[in-house]
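Shown here: target.txt, compact mmCIF, N, CA and C atoms.
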# COMPACT_ATOMS: atom_id res chain seq x y z
N MET C 1 0.81 -1.20 0.00
CA MET C 1 0.00 0.00 0.00
C MET C 1 0.85 1.26 0.00
N LYS C 2 2.13 1.17 0.00
CA LYS C 2 2.94 2.38 0.05
C LYS C 2 3.34 2.87 -1.33
N GLU C 3 2.76 2.31 -2.37
CA GLU C 3 3.12 2.73 -3.71
C GLU C 3 1.95 3.45 -4.36
N VAL C 4 2.27 4.42 -5.19
CA VAL C 4 1.24 5.12 -5.94
C VAL C 4 0.95 4.30 -7.19
N VAL C 5 -0.31 4.01 -7.40
CA VAL C 5 -0.73 3.25 -8.56
C VAL C 5 -1.61 4.16 -9.40
N HIS C 6 -1.24 4.36 -10.64
CA HIS C 6 -2.04 5.17 -11.54
C HIS C 6 -3.15 4.30 -12.12
N THR C 7 -4.37 4.77 -11.98
CA THR C 7 -5.51 3.96 -12.39
C THR C 7 -6.41 4.71 -13.35
N SER C 8 -7.30 3.98 -13.93
CA SER C 8 -8.37 4.53 -14.75
C SER C 8 -9.67 4.16 -14.05
N PRO C 9 -10.76 4.86 -14.37
CA PRO C 9 -12.03 4.46 -13.77
C PRO C 9 -12.33 2.99 -14.02
N THR C 10 -12.90 2.34 -13.03
CA THR C 10 -13.21 0.92 -13.13
C THR C 10 -14.34 0.70 -14.12
N ILE C 11 -14.15 -0.28 -14.97
CA ILE C 11 -15.21 -0.73 -15.88
C ILE C 11 -15.47 -2.17 -15.48
N GLY C 12 -16.66 -2.44 -14.95
CA GLY C 12 -16.96 -3.78 -14.44
C GLY C 12 -16.53 -3.87 -12.99
N SER C 13 -15.54 -4.72 -12.71
CA SER C 13 -15.07 -4.87 -11.33
C SER C 13 -13.61 -5.30 -11.32
N ASN C 14 -12.96 -5.00 -10.22
CA ASN C 14 -11.59 -5.45 -9.96
C ASN C 14 -11.58 -6.05 -8.57
N VAL C 15 -10.73 -7.04 -8.35
CA VAL C 15 -10.59 -7.61 -7.02
C VAL C 15 -9.14 -7.46 -6.58
N GLU C 16 -8.97 -7.16 -5.32
CA GLU C 16 -7.63 -6.95 -4.77
C GLU C 16 -7.58 -7.58 -3.38
N GLU C 17 -6.48 -8.27 -3.10
CA GLU C 17 -6.27 -8.80 -1.76
C GLU C 17 -5.25 -7.93 -1.05
N ILE C 18 -5.61 -7.50 0.14
CA ILE C 18 -4.71 -6.67 0.95
C ILE C 18 -4.49 -7.37 2.28
N ARG C 19 -3.24 -7.49 2.66
CA ARG C 19 -2.90 -8.02 3.98
C ARG C 19 -2.37 -6.88 4.81
N TRP C 20 -2.98 -6.72 5.98
CA TRP C 20 -2.59 -5.62 6.85
C TRP C 20 -2.81 -6.05 8.30
N ASN C 21 -1.80 -5.89 9.13
CA ASN C 21 -1.89 -6.29 10.55
C ASN C 21 -2.39 -7.72 10.71
N ARG C 22 -1.83 -8.62 9.95
CA ARG C 22 -2.17 -10.05 9.99
C ARG C 22 -3.63 -10.35 9.64
N ILE C 23 -4.26 -9.43 8.93
CA ILE C 23 -5.64 -9.62 8.49
C ILE C 23 -5.65 -9.59 6.96
N ARG C 24 -6.39 -10.49 6.39
CA ARG C 24 -6.50 -10.57 4.93
C ARG C 24 -7.84 -9.98 4.52
N PHE C 25 -7.79 -8.93 3.73
CA PHE C 25 -8.98 -8.30 3.20
C PHE C 25 -9.07 -8.63 1.71
N VAL C 26 -10.22 -9.08 1.27
CA VAL C 26 -10.48 -9.24 -0.16
C VAL C 26 -11.46 -8.13 -0.51
N MET C 27 -11.01 -7.23 -1.38
CA MET C 27 -11.80 -6.05 -1.70
C MET C 27 -12.20 -6.06 -3.17
N TRP C 28 -13.47 -5.79 -3.40
CA TRP C 28 -13.99 -5.66 -4.75
C TRP C 28 -14.19 -4.20 -5.05
N ASP C 29 -13.66 -3.74 -6.17
CA ASP C 29 -13.85 -2.39 -6.66
C ASP C 29 -14.90 -2.49 -7.76
N LEU C 30 -16.07 -1.92 -7.48
CA LEU C 30 -17.18 -2.03 -8.43
C LEU C 30 -17.38 -0.71 -9.15
N ALA C 31 -17.55 -0.79 -10.45
CA ALA C 31 -17.75 0.40 -11.26
C ALA C 31 -19.01 1.13 -10.82
N GLY C 32 -18.97 2.44 -10.88
CA GLY C 32 -20.10 3.24 -10.43
C GLY C 32 -21.03 3.72 -11.52
N GLN C 33 -20.74 3.37 -12.76
CA GLN C 33 -21.62 3.82 -13.84
C GLN C 33 -23.04 3.31 -13.60
N GLU C 34 -24.00 4.15 -13.91
CA GLU C 34 -25.40 3.82 -13.64
C GLU C 34 -25.81 2.48 -14.24
N SER C 35 -25.37 2.19 -15.45
CA SER C 35 -25.78 0.95 -16.12
C SER C 35 -25.21 -0.29 -15.43
N LEU C 36 -24.16 -0.14 -14.61
CA LEU C 36 -23.54 -1.28 -13.95
C LEU C 36 -23.98 -1.47 -12.50
N ARG C 37 -24.68 -0.49 -11.96
CA ARG C 37 -25.08 -0.57 -10.54
C ARG C 37 -26.00 -1.74 -10.24
N ILE C 38 -26.78 -2.15 -11.20
CA ILE C 38 -27.70 -3.27 -11.01
C ILE C 38 -26.94 -4.54 -10.65
N SER C 39 -25.69 -4.66 -11.10
CA SER C 39 -24.92 -5.88 -10.83
C SER C 39 -24.26 -5.86 -9.44
N TRP C 40 -24.28 -4.74 -8.74
CA TRP C 40 -23.63 -4.66 -7.43
C TRP C 40 -24.12 -5.72 -6.46
N THR C 41 -25.40 -6.00 -6.48
CA THR C 41 -25.98 -6.91 -5.49
C THR C 41 -25.37 -8.31 -5.55
N SER C 42 -24.83 -8.69 -6.69
CA SER C 42 -24.23 -10.02 -6.80
C SER C 42 -22.94 -10.14 -5.98
N TYR C 43 -22.42 -9.03 -5.49
CA TYR C 43 -21.20 -9.03 -4.69
C TYR C 43 -21.46 -8.88 -3.19
N TYR C 44 -22.69 -8.71 -2.79
CA TYR C 44 -23.02 -8.41 -1.40
C TYR C 44 -22.94 -9.61 -0.46
N SER C 45 -23.17 -10.80 -0.96
CA SER C 45 -23.23 -11.99 -0.11
C SER C 45 -21.96 -12.12 0.73
N SER C 46 -22.11 -12.28 2.02
CA SER C 46 -21.03 -12.48 2.98
C SER C 46 -20.13 -11.26 3.18
N ALA C 47 -20.53 -10.11 2.68
CA ALA C 47 -19.73 -8.90 2.87
C ALA C 47 -19.81 -8.45 4.32
N GLU C 48 -18.66 -8.19 4.91
CA GLU C 48 -18.62 -7.67 6.28
C GLU C 48 -18.53 -6.15 6.30
N PHE C 49 -18.03 -5.58 5.20
CA PHE C 49 -17.86 -4.14 5.13
C PHE C 49 -18.30 -3.63 3.77
N LEU C 50 -18.80 -2.44 3.79
CA LEU C 50 -19.05 -1.67 2.58
C LEU C 50 -18.13 -0.46 2.67
N ILE C 51 -17.23 -0.32 1.71
CA ILE C 51 -16.37 0.85 1.66
C ILE C 51 -16.87 1.71 0.51
N LEU C 52 -17.28 2.90 0.85
CA LEU C 52 -17.79 3.83 -0.15
C LEU C 52 -16.76 4.95 -0.30
N VAL C 53 -16.15 5.03 -1.47
CA VAL C 53 -15.17 6.08 -1.74
C VAL C 53 -15.90 7.22 -2.42
N VAL C 54 -15.84 8.39 -1.78
CA VAL C 54 -16.58 9.55 -2.27
C VAL C 54 -15.59 10.61 -2.75
N ASP C 55 -15.83 11.15 -3.91
CA ASP C 55 -15.05 12.26 -4.45
C ASP C 55 -15.48 13.52 -3.70
N SER C 56 -14.65 14.00 -2.81
CA SER C 56 -15.00 15.15 -1.97
C SER C 56 -15.03 16.47 -2.74
N MET C 57 -14.66 16.45 -3.99
CA MET C 57 -14.73 17.64 -4.83
C MET C 57 -16.05 17.71 -5.61
N ASP C 58 -16.77 16.60 -5.68
CA ASP C 58 -17.95 16.51 -6.54
C ASP C 58 -19.23 16.78 -5.76
N ARG C 59 -19.50 18.06 -5.52
CA ARG C 59 -20.68 18.46 -4.76
C ARG C 59 -21.98 18.14 -5.50
N GLU C 60 -21.94 18.16 -6.81
CA GLU C 60 -23.15 17.93 -7.61
C GLU C 60 -23.69 16.52 -7.46
N ARG C 61 -22.84 15.55 -7.16
CA ARG C 61 -23.29 14.16 -7.11
C ARG C 61 -23.51 13.63 -5.69
N VAL C 62 -23.39 14.47 -4.68
CA VAL C 62 -23.57 14.01 -3.30
C VAL C 62 -24.96 13.43 -3.09
N GLY C 63 -25.97 14.04 -3.69
CA GLY C 63 -27.33 13.51 -3.58
C GLY C 63 -27.45 12.10 -4.14
N LEU C 64 -26.82 11.88 -5.28
CA LEU C 64 -26.82 10.55 -5.90
C LEU C 64 -26.06 9.55 -5.03
N VAL C 65 -24.93 9.97 -4.49
CA VAL C 65 -24.14 9.10 -3.60
C VAL C 65 -24.99 8.71 -2.39
N LYS C 66 -25.67 9.66 -1.81
CA LYS C 66 -26.54 9.39 -0.65
C LYS C 66 -27.64 8.39 -1.01
N GLU C 67 -28.27 8.61 -2.14
CA GLU C 67 -29.34 7.72 -2.60
C GLU C 67 -28.82 6.28 -2.76
N GLU C 68 -27.68 6.13 -3.41
CA GLU C 68 -27.11 4.80 -3.64
C GLU C 68 -26.66 4.16 -2.32
N LEU C 69 -26.08 4.95 -1.42
CA LEU C 69 -25.66 4.42 -0.12
C LEU C 69 -26.85 3.81 0.62
N TYR C 70 -27.94 4.54 0.72
CA TYR C 70 -29.09 4.05 1.46
C TYR C 70 -29.77 2.88 0.75
N ARG C 71 -29.69 2.86 -0.57
CA ARG C 71 -30.22 1.71 -1.33
C ARG C 71 -29.40 0.45 -0.98
N MET C 72 -28.08 0.61 -0.94
CA MET C 72 -27.22 -0.54 -0.60
C MET C 72 -27.48 -1.00 0.83
N LEU C 73 -27.59 -0.05 1.76
CA LEU C 73 -27.79 -0.43 3.16
C LEU C 73 -29.12 -1.12 3.41
N ALA C 74 -30.08 -0.90 2.54
CA ALA C 74 -31.39 -1.54 2.68
C ALA C 74 -31.40 -2.98 2.16
N HIS C 75 -30.34 -3.38 1.47
CA HIS C 75 -30.30 -4.72 0.91
C HIS C 75 -30.08 -5.76 2.01
N GLU C 76 -30.84 -6.83 1.96
CA GLU C 76 -30.79 -7.89 2.97
C GLU C 76 -29.38 -8.45 3.17
N ASP C 77 -28.62 -8.64 2.10
CA ASP C 77 -27.29 -9.22 2.22
C ASP C 77 -26.28 -8.31 2.91
N LEU C 78 -26.60 -7.04 3.05
CA LEU C 78 -25.69 -6.10 3.72
C LEU C 78 -26.19 -5.70 5.11
N ARG C 79 -27.17 -6.42 5.63
CA ARG C 79 -27.77 -6.02 6.91
C ARG C 79 -26.78 -6.04 8.07
N LYS C 80 -25.73 -6.85 7.99
CA LYS C 80 -24.74 -6.93 9.06
C LYS C 80 -23.43 -6.21 8.72
N ALA C 81 -23.37 -5.61 7.55
CA ALA C 81 -22.13 -4.98 7.10
C ALA C 81 -21.90 -3.65 7.81
N SER C 82 -20.67 -3.40 8.17
CA SER C 82 -20.26 -2.09 8.67
C SER C 82 -19.89 -1.24 7.47
N VAL C 83 -19.94 0.07 7.65
CA VAL C 83 -19.75 1.00 6.53
C VAL C 83 -18.57 1.93 6.81
N LEU C 84 -17.64 1.95 5.88
CA LEU C 84 -16.53 2.91 5.92
C LEU C 84 -16.68 3.84 4.72
N VAL C 85 -16.88 5.11 5.01
CA VAL C 85 -16.95 6.11 3.95
C VAL C 85 -15.59 6.79 3.89
N LEU C 86 -14.96 6.72 2.73
CA LEU C 86 -13.68 7.38 2.52
C LEU C 86 -13.93 8.68 1.76
N ALA C 87 -13.70 9.79 2.45
CA ALA C 87 -13.86 11.12 1.85
C ALA C 87 -12.56 11.45 1.12
N ASN C 88 -12.49 11.07 -0.14
CA ASN C 88 -11.26 11.16 -0.93
C ASN C 88 -11.00 12.58 -1.44
N LYS C 89 -9.78 12.79 -1.87
CA LYS C 89 -9.30 14.04 -2.48
C LYS C 89 -9.17 15.19 -1.47
N GLN C 90 -8.85 14.84 -0.24
CA GLN C 90 -8.69 15.86 0.79
C GLN C 90 -7.48 16.75 0.56
N ASP C 91 -6.64 16.37 -0.38
CA ASP C 91 -5.46 17.18 -0.72
C ASP C 91 -5.81 18.37 -1.60
N LEU C 92 -7.02 18.43 -2.11
CA LEU C 92 -7.40 19.48 -3.05
C LEU C 92 -8.14 20.61 -2.35
N LYS C 93 -7.79 21.82 -2.72
CA LYS C 93 -8.45 23.00 -2.17
C LYS C 93 -9.92 23.00 -2.58
N GLY C 94 -10.79 23.22 -1.62
CA GLY C 94 -12.21 23.25 -1.90
C GLY C 94 -12.91 21.92 -1.69
N ALA C 95 -12.16 20.89 -1.30
CA ALA C 95 -12.78 19.58 -1.04
C ALA C 95 -13.69 19.68 0.18
N MET C 96 -14.81 18.98 0.14
CA MET C 96 -15.68 18.90 1.31
C MET C 96 -14.94 18.17 2.41
N SER C 97 -15.03 18.65 3.62
CA SER C 97 -14.41 17.95 4.74
C SER C 97 -15.21 16.69 5.05
N ALA C 98 -14.62 15.81 5.83
CA ALA C 98 -15.35 14.60 6.24
C ALA C 98 -16.60 14.98 7.03
N ALA C 99 -16.51 16.00 7.86
CA ALA C 99 -17.67 16.44 8.65
C ALA C 99 -18.77 16.97 7.74
N GLU C 100 -18.41 17.77 6.75
CA GLU C 100 -19.42 18.31 5.83
C GLU C 100 -20.06 17.18 5.03
N LEU C 101 -19.27 16.27 4.54
CA LEU C 101 -19.79 15.14 3.78
C LEU C 101 -20.69 14.26 4.65
N SER C 102 -20.29 14.06 5.89
CA SER C 102 -21.10 13.28 6.82
C SER C 102 -22.49 13.91 6.97
N GLY C 103 -22.51 15.22 7.09
CA GLY C 103 -23.79 15.91 7.22
C GLY C 103 -24.64 15.79 5.96
N LEU C 104 -24.01 15.97 4.80
CA LEU C 104 -24.75 15.89 3.54
C LEU C 104 -25.28 14.49 3.27
N LEU C 105 -24.54 13.47 3.73
CA LEU C 105 -24.99 12.08 3.56
C LEU C 105 -25.90 11.64 4.70
N ASN C 106 -26.06 12.49 5.71
CA ASN C 106 -26.90 12.20 6.87
C ASN C 106 -26.48 10.89 7.54
N LEU C 107 -25.17 10.74 7.73
CA LEU C 107 -24.66 9.48 8.29
C LEU C 107 -25.14 9.23 9.71
N THR C 108 -25.39 10.28 10.48
CA THR C 108 -25.83 10.07 11.86
C THR C 108 -27.21 9.41 11.93
N SER C 109 -27.94 9.38 10.83
CA SER C 109 -29.24 8.70 10.82
C SER C 109 -29.10 7.19 10.67
N ILE C 110 -27.89 6.73 10.35
CA ILE C 110 -27.68 5.29 10.17
C ILE C 110 -27.55 4.64 11.54
N LYS C 111 -28.56 3.89 11.92
CA LYS C 111 -28.59 3.24 13.24
C LYS C 111 -28.43 1.73 13.14
N SER C 112 -28.66 1.17 11.97
CA SER C 112 -28.65 -0.28 11.81
C SER C 112 -27.29 -0.83 11.39
N HIS C 113 -26.34 0.03 11.15
CA HIS C 113 -24.99 -0.39 10.73
C HIS C 113 -23.96 0.44 11.50
N ARG C 114 -22.84 -0.19 11.84
CA ARG C 114 -21.71 0.60 12.34
C ARG C 114 -21.15 1.37 11.17
N TRP C 115 -20.73 2.58 11.39
CA TRP C 115 -20.17 3.35 10.29
C TRP C 115 -19.07 4.28 10.80
N GLN C 116 -18.24 4.66 9.84
CA GLN C 116 -17.14 5.57 10.10
C GLN C 116 -16.89 6.36 8.83
N ILE C 117 -16.59 7.64 8.96
CA ILE C 117 -16.15 8.42 7.81
C ILE C 117 -14.71 8.79 8.05
N GLN C 118 -13.90 8.66 7.01
CA GLN C 118 -12.46 8.90 7.13
C GLN C 118 -12.01 9.81 5.99
N ALA C 119 -11.43 10.95 6.35
CA ALA C 119 -10.83 11.81 5.33
C ALA C 119 -9.62 11.09 4.77
N CYS C 120 -9.41 11.19 3.46
CA CYS C 120 -8.26 10.49 2.88
C CYS C 120 -7.83 11.15 1.57
N CYS C 121 -6.68 10.72 1.13
CA CYS C 121 -6.15 11.08 -0.18
C CYS C 121 -5.60 9.80 -0.78
N ALA C 122 -6.25 9.28 -1.78
CA ALA C 122 -5.83 8.01 -2.38
C ALA C 122 -4.45 8.12 -3.01
N LEU C 123 -4.09 9.29 -3.50
CA LEU C 123 -2.78 9.45 -4.14
C LEU C 123 -1.61 9.30 -3.17
N THR C 124 -1.78 9.84 -1.96
CA THR C 124 -0.69 9.80 -0.98
C THR C 124 -0.86 8.69 0.05
N GLY C 125 -2.09 8.16 0.16
CA GLY C 125 -2.37 7.14 1.16
C GLY C 125 -2.82 7.73 2.49
N ASP C 126 -2.78 9.05 2.63
CA ASP C 126 -3.20 9.68 3.88
C ASP C 126 -4.62 9.25 4.23
N GLY C 127 -4.82 8.77 5.44
CA GLY C 127 -6.13 8.38 5.93
C GLY C 127 -6.51 6.94 5.65
N LEU C 128 -5.85 6.29 4.71
CA LEU C 128 -6.24 4.92 4.36
C LEU C 128 -5.92 3.94 5.48
N TYR C 129 -4.77 4.11 6.13
CA TYR C 129 -4.42 3.21 7.24
C TYR C 129 -5.39 3.36 8.41
N GLN C 130 -5.85 4.57 8.66
CA GLN C 130 -6.83 4.77 9.72
C GLN C 130 -8.14 4.06 9.39
N GLY C 131 -8.52 4.07 8.11
CA GLY C 131 -9.72 3.34 7.69
C GLY C 131 -9.56 1.85 7.87
N LEU C 132 -8.40 1.30 7.49
CA LEU C 132 -8.14 -0.13 7.69
C LEU C 132 -8.10 -0.48 9.17
N GLU C 133 -7.56 0.40 9.97
CA GLU C 133 -7.51 0.17 11.43
C GLU C 133 -8.93 0.09 11.99
N TRP C 134 -9.79 1.00 11.57
CA TRP C 134 -11.19 0.96 12.02
C TRP C 134 -11.83 -0.36 11.61
N MET C 135 -11.60 -0.77 10.36
CA MET C 135 -12.16 -2.04 9.90
C MET C 135 -11.63 -3.21 10.72
N SER C 136 -10.34 -3.23 10.98
CA SER C 136 -9.77 -4.36 11.73
C SER C 136 -10.32 -4.43 13.14
N ASN C 137 -10.73 -3.30 13.70
CA ASN C 137 -11.32 -3.28 15.03
C ASN C 137 -12.79 -3.69 15.04
N HIS C 138 -13.38 -3.80 13.87
CA HIS C 138 -14.82 -4.12 13.78
C HIS C 138 -15.11 -5.38 12.97
N ILE C 139 -14.10 -6.21 12.79
CA ILE C 139 -14.33 -7.47 12.08
C ILE C 139 -15.21 -8.37 12.93
N GLN C 140 -16.19 -9.00 12.30
CA GLN C 140 -17.08 -9.92 13.01
C GLN C 140 -16.32 -11.19 13.28
N ARG C 141 -16.16 -11.52 14.53
CA ARG C 141 -15.39 -12.74 14.90
C ARG C 141 -16.31 -13.80 15.41
Mind converting the file's structure to structure tokens?
Amino acid sequence: MKEVVHTSPTIGSNVEEIRWNRIRFVMWDLAGQESLRISWTSYYSSAEFLILVVDSMDRERVGLVKEELYRMLAHEDLRKASVLVLANKQDLKGAMSAAELSGLLNLTSIKSHRWQIQACCALTGDGLYQGLEWMSNHIQR
């Protein structure tokens, strides 16, 4: 995780295995295009966490992000999943803070799932370790 990886937007899905603090995480990166969202549910079975990466610069799409988040949380297969919201692009001037994003997504209304919002910068890795630490502390044993 200490290397910068140049990526393109996901088309379909990617899977990545990450080992951190003697814990093995298998993470699916699912494309966010509207036409592909219908397929998301096929990945929900046995999921312990939902990680939602939000572009903190994209104020216009926060409503859509909120709508999709609550749609996912209502799905039966995610009823026990904890939620980590990564407020990405914190390195950019004008980015919404984690607190502002939390308010716009109304995260405090989520009572049926454990959740955490973490400010981060995917390019530098800032905040990502804190998100993994939160996840490791909330693994269902």
Return as a short mmCIF file (atom, residue, chain, number, x, y, z; two decimals) with N, CA and C atoms, keeping the file's coordinate frame the full set of residues in range 107-141 of chain C whose backbone-based DSSP assignment is strand (DSSP E).
data_model
loop_
_atom_site.label_atom_id
_atom_site.label_comp_id
_atom_site.auth_asym_id
_atom_site.auth_seq_id
_atom_site.Cartn_x
_atom_site.Cartn_y
_atom_site.Cartn_z
N TRP C 115 -20.73 2.58 11.39
CA TRP C 115 -20.17 3.35 10.29
C TRP C 115 -19.07 4.28 10.80
N GLN C 116 -18.24 4.66 9.84
CA GLN C 116 -17.14 5.57 10.10
C GLN C 116 -16.89 6.36 8.83
N ILE C 117 -16.59 7.64 8.96
CA ILE C 117 -16.15 8.42 7.81
C ILE C 117 -14.71 8.79 8.05
N GLN C 118 -13.90 8.66 7.01
CA GLN C 118 -12.46 8.90 7.13
C GLN C 118 -12.01 9.81 5.99
N ALA C 119 -11.43 10.95 6.35
CA ALA C 119 -10.83 11.81 5.33
C ALA C 119 -9.62 11.09 4.77
#
Which residues, protein or nucleic acid, reach to within 10 Å of (-15.1, 2.9, 15.3) in the file's coordinates when using only C-alpha atoms, and can you give that as a PDB file with N, CA and C atoms, in the coordinates of the input?
ATOM      1  N   SER C  82     -20.670  -3.400   8.170  1.00  0.00           N
ATOM      2  CA  SER C  82     -20.260  -2.090   8.670  1.00  0.00           C
ATOM      3  C   SER C  82     -19.890  -1.240   7.470  1.00  0.00           C
ATOM      4  N   LEU C  84     -17.640   1.950   5.880  1.00  0.00           N
ATOM      5  CA  LEU C  84     -16.530   2.910   5.920  1.00  0.00           C
ATOM      6  C   LEU C  84     -16.680   3.840   4.720  1.00  0.00           C
ATOM      7  N   ARG C 114     -22.840  -0.190  11.840  1.00  0.00           N
ATOM      8  CA  ARG C 114     -21.710   0.600  12.340  1.00  0.00           C
ATOM      9  C   ARG C 114     -21.150   1.370  11.170  1.00  0.00           C
ATOM     10  N   TRP C 115     -20.730   2.580  11.390  1.00  0.00           N
ATOM     11  CA  TRP C 115     -20.170   3.350  10.290  1.00  0.00           C
ATOM     12  C   TRP C 115     -19.070   4.280  10.800  1.00  0.00           C
ATOM     13  N   GLN C 116     -18.240   4.660   9.840  1.00  0.00           N
ATOM     14  CA  GLN C 116     -17.140   5.570  10.100  1.00  0.00           C
ATOM     15  C   GLN C 116     -16.890   6.360   8.830  1.00  0.00           C
ATOM     16  N   ILE C 117     -16.590   7.640   8.960  1.00  0.00           N
ATOM     17  CA  ILE C 117     -16.150   8.420   7.810  1.00  0.00           C
ATOM     18  C   ILE C 117     -14.710   8.790   8.050  1.00  0.00           C
ATOM     19  N   GLY C 131      -8.520   4.070   8.110  1.00  0.00           N
ATOM     20  CA  GLY C 131      -9.720   3.340   7.690  1.00  0.00           C
ATOM     21  C   GLY C 131      -9.560   1.850   7.870  1.00  0.00           C
ATOM     22  N   GLU C 133      -7.560   0.400   9.970  1.00  0.00           N
ATOM     23  CA  GLU C 133      -7.510   0.170  11.430  1.00  0.00           C
ATOM     24  C   GLU C 133      -8.930   0.090  11.990  1.00  0.00           C
ATOM     25  N   TRP C 134      -9.790   1.000  11.570  1.00  0.00           N
ATOM     26  CA  TRP C 134     -11.190   0.960  12.020  1.00  0.00           C
ATOM     27  C   TRP C 134     -11.830  -0.360  11.610  1.00  0.00           C
ATOM     28  N   MET C 135     -11.600  -0.770  10.360  1.00  0.00           N
ATOM     29  CA  MET C 135     -12.160  -2.040   9.900  1.00  0.00           C
ATOM     30  C   MET C 135     -11.630  -3.210  10.720  1.00  0.00           C
ATOM     31  N   SER C 136     -10.340  -3.230  10.980  1.00  0.00           N
ATOM     32  CA  SER C 136      -9.770  -4.360  11.730  1.00  0.00           C
ATOM     33  C   SER C 136     -10.320  -4.430  13.140  1.00  0.00           C
ATOM     34  N   ASN C 137     -10.730  -3.300  13.700  1.00  0.00           N
ATOM     35  CA  ASN C 137     -11.320  -3.280  15.030  1.00  0.00           C
ATOM     36  C   ASN C 137     -12.790  -3.690  15.040  1.00  0.00           C
ATOM     37  N   HIS C 138     -13.380  -3.800  13.870  1.00  0.00           N
ATOM     38  CA  HIS C 138     -14.820  -4.120  13.780  1.00  0.00           C
ATOM     39  C   HIS C 138     -15.110  -5.380  12.970  1.00  0.00           C
TER      40      HIS C 138
END
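Taking only N, CA and C atoms into account, Asp58 in chain C lies nearest to C:Ala95 out of the set C:Ala95, C:Cys121, C:Gly103, C:Arg71.
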Students should find that CA of Ala74 in chain C and atom N of Ser45 in chain C are spaced 12.9 Å
Name the residues in contact with Asn88 in chain C at a cut-off of 5 Å, using all atoms listed in the file, excluding same-chain residues fewer than 6 positions from it; report them as a PDB file with N, CA and C atoms, keeping the file's coordinate frame.
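Output (selection36.pdb):
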ATOM      1  N   VAL C  54     -15.840   8.390  -1.780  1.00  0.00           N
ATOM      2  CA  VAL C  54     -16.580   9.550  -2.270  1.00  0.00           C
ATOM      3  C   VAL C  54     -15.590  10.610  -2.750  1.00  0.00           C
ATOM      4  N   SER C  56     -14.650  14.000  -2.810  1.00  0.00           N
ATOM      5  CA  SER C  56     -15.000  15.150  -1.970  1.00  0.00           C
ATOM      6  C   SER C  56     -15.030  16.470  -2.740  1.00  0.00           C
ATOM      7  N   CYS C 120      -9.410  11.190   3.460  1.00  0.00           N
ATOM      8  CA  CYS C 120      -8.260  10.490   2.880  1.00  0.00           C
ATOM      9  C   CYS C 120      -7.830  11.150   1.570  1.00  0.00           C
TER      10      CYS C 120
END
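Counting only C-alpha atoms, the residue from C:Ala81, C:Ile23, C:Leu105, C:Leu128 that sits nearest to Tyr44 in chain C is C:Ala81.
Among the candidate residues C:Leu52, C:Lys80, C:Ile18, C:Ile110, the one lying nearest to Glu68 in chain C is C:Leu52, with distances computed using only C-alpha atoms.
The residue that comes closest to Glu67 in chain C, out of C:Ala119, C:Ile139, C:Leu107, C:Ala98 and on the basis of only C-alpha atoms, is C:Leu107.
Between CA of Gly127 in chain C and atom N of Arg19 in chain C there is a distance of 16.5 Å.
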One decimal, Å: what's the distance from atom C of Met72 in chain C over to CA of Val26 in chain C, could you say?
18.9 Å
